[in-house]
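> Here it is, the structure, as structure tokens.
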Amino acid sequence: MNRPDAPELLAAARETLMNDVFPSIPEHLRYEVRMIASAMGIAAREVAAQSQTEAALFSGVLPESIADSTSSSDDARRTIAKAIRAGVFDTPGAQQERLQVALAKTVYNALMISNPKAAQSSGGQR
């Protein structure tokens, strides 16, 4: 949904750092630049893992026949949106409550990345 996503942004920034900036870095700072590039790679992998967690969270809300087709967070979000538009969650009950919890967790997790102060001031509503 959000393109480029965080792993793509980190990969592009890391590539630019190593291919365009690194060659002009003085020798005494190259170790630090390699550490920064390594940290960017670690962060990209962590974000990708969070994306898989989000996909699993949404898959747990969807009926099994639909959930099987979601392999990424983007797939899961599209599938959840289609299910909401189709009225799958219109009836009050456990399924609707699971959806609300999943959506709240997803919004909170996104807010923790984009605006941690706002997320913390919300009292950790998850």
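Residues in the structure tokens are named by chain (A, B, ... in the order shown) and by number from 1 within that chain; ligands are numbered from 1 in the order shown.
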Could I get the residues of stretch 8-55 of chain A with an atom no further than 8 Å from an atom of stretch 71-92 of chain A, each paired with its nearest atom pair and that distance in Å to one decimal, using only C-alpha atoms, sorted by chain and residue number, as CSV?

residue,atom,partner,partner_atom,distance
A:Ser51,CA,A:Ser73,CA,5.3
A:Gln52,CA,A:Ser72,CA,6.0
A:Thr53,CA,A:Ser73,CA,8.0
A:Glu54,CA,A:Ser73,CA,5.7
A:Ala55,CA,A:Ser73,CA,4.3
> Please report, as an NGL selection string, each residue of stretch 26-118 of chain A to which DSSP assigns helix (DSSP H, G or I) when run on this structure's backbone.
:A and (27-59 or 64-67 or 73-85 or 94-114 or 116-118)
> For each of A:Ser121, A:Ala13, A:Ala110, A:Gly93, take the minimum atom-to-atom distance to A:Ile36, counting only C-alpha atoms, then give the residue where this is smallest.
A:Ala13
> Using only C-alpha atoms, find the one residue out of A:Leu29, A:Met40, A:Met112, A:Ala48 that sits nearest to A:Thr16.
A:Met40
> To one decimal place, how far is atom CA of A:Ala44 from atom CA of A:Leu10 in Å?
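One can read the atom CA of A:Ala44 to atom CA of A:Leu10 distance as 6.0 Å.
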> Would you please work out which residue, of A:Ile42, A:Ile113, A:Leu9, A:Ala102, is nearest to A:Ala56 when using only C-alpha atoms?
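Selected residue with least distance to A:Ala56: A:Ala102.
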> Quick one: everything within 12 Å of A:Gly41, counting only C-alpha atoms, minus sequence neighbours fewer than 5 positions away in the same chain. Send it as a PyMOL selection string.
chain A and resi 6-15+17-18+34-36+46-48
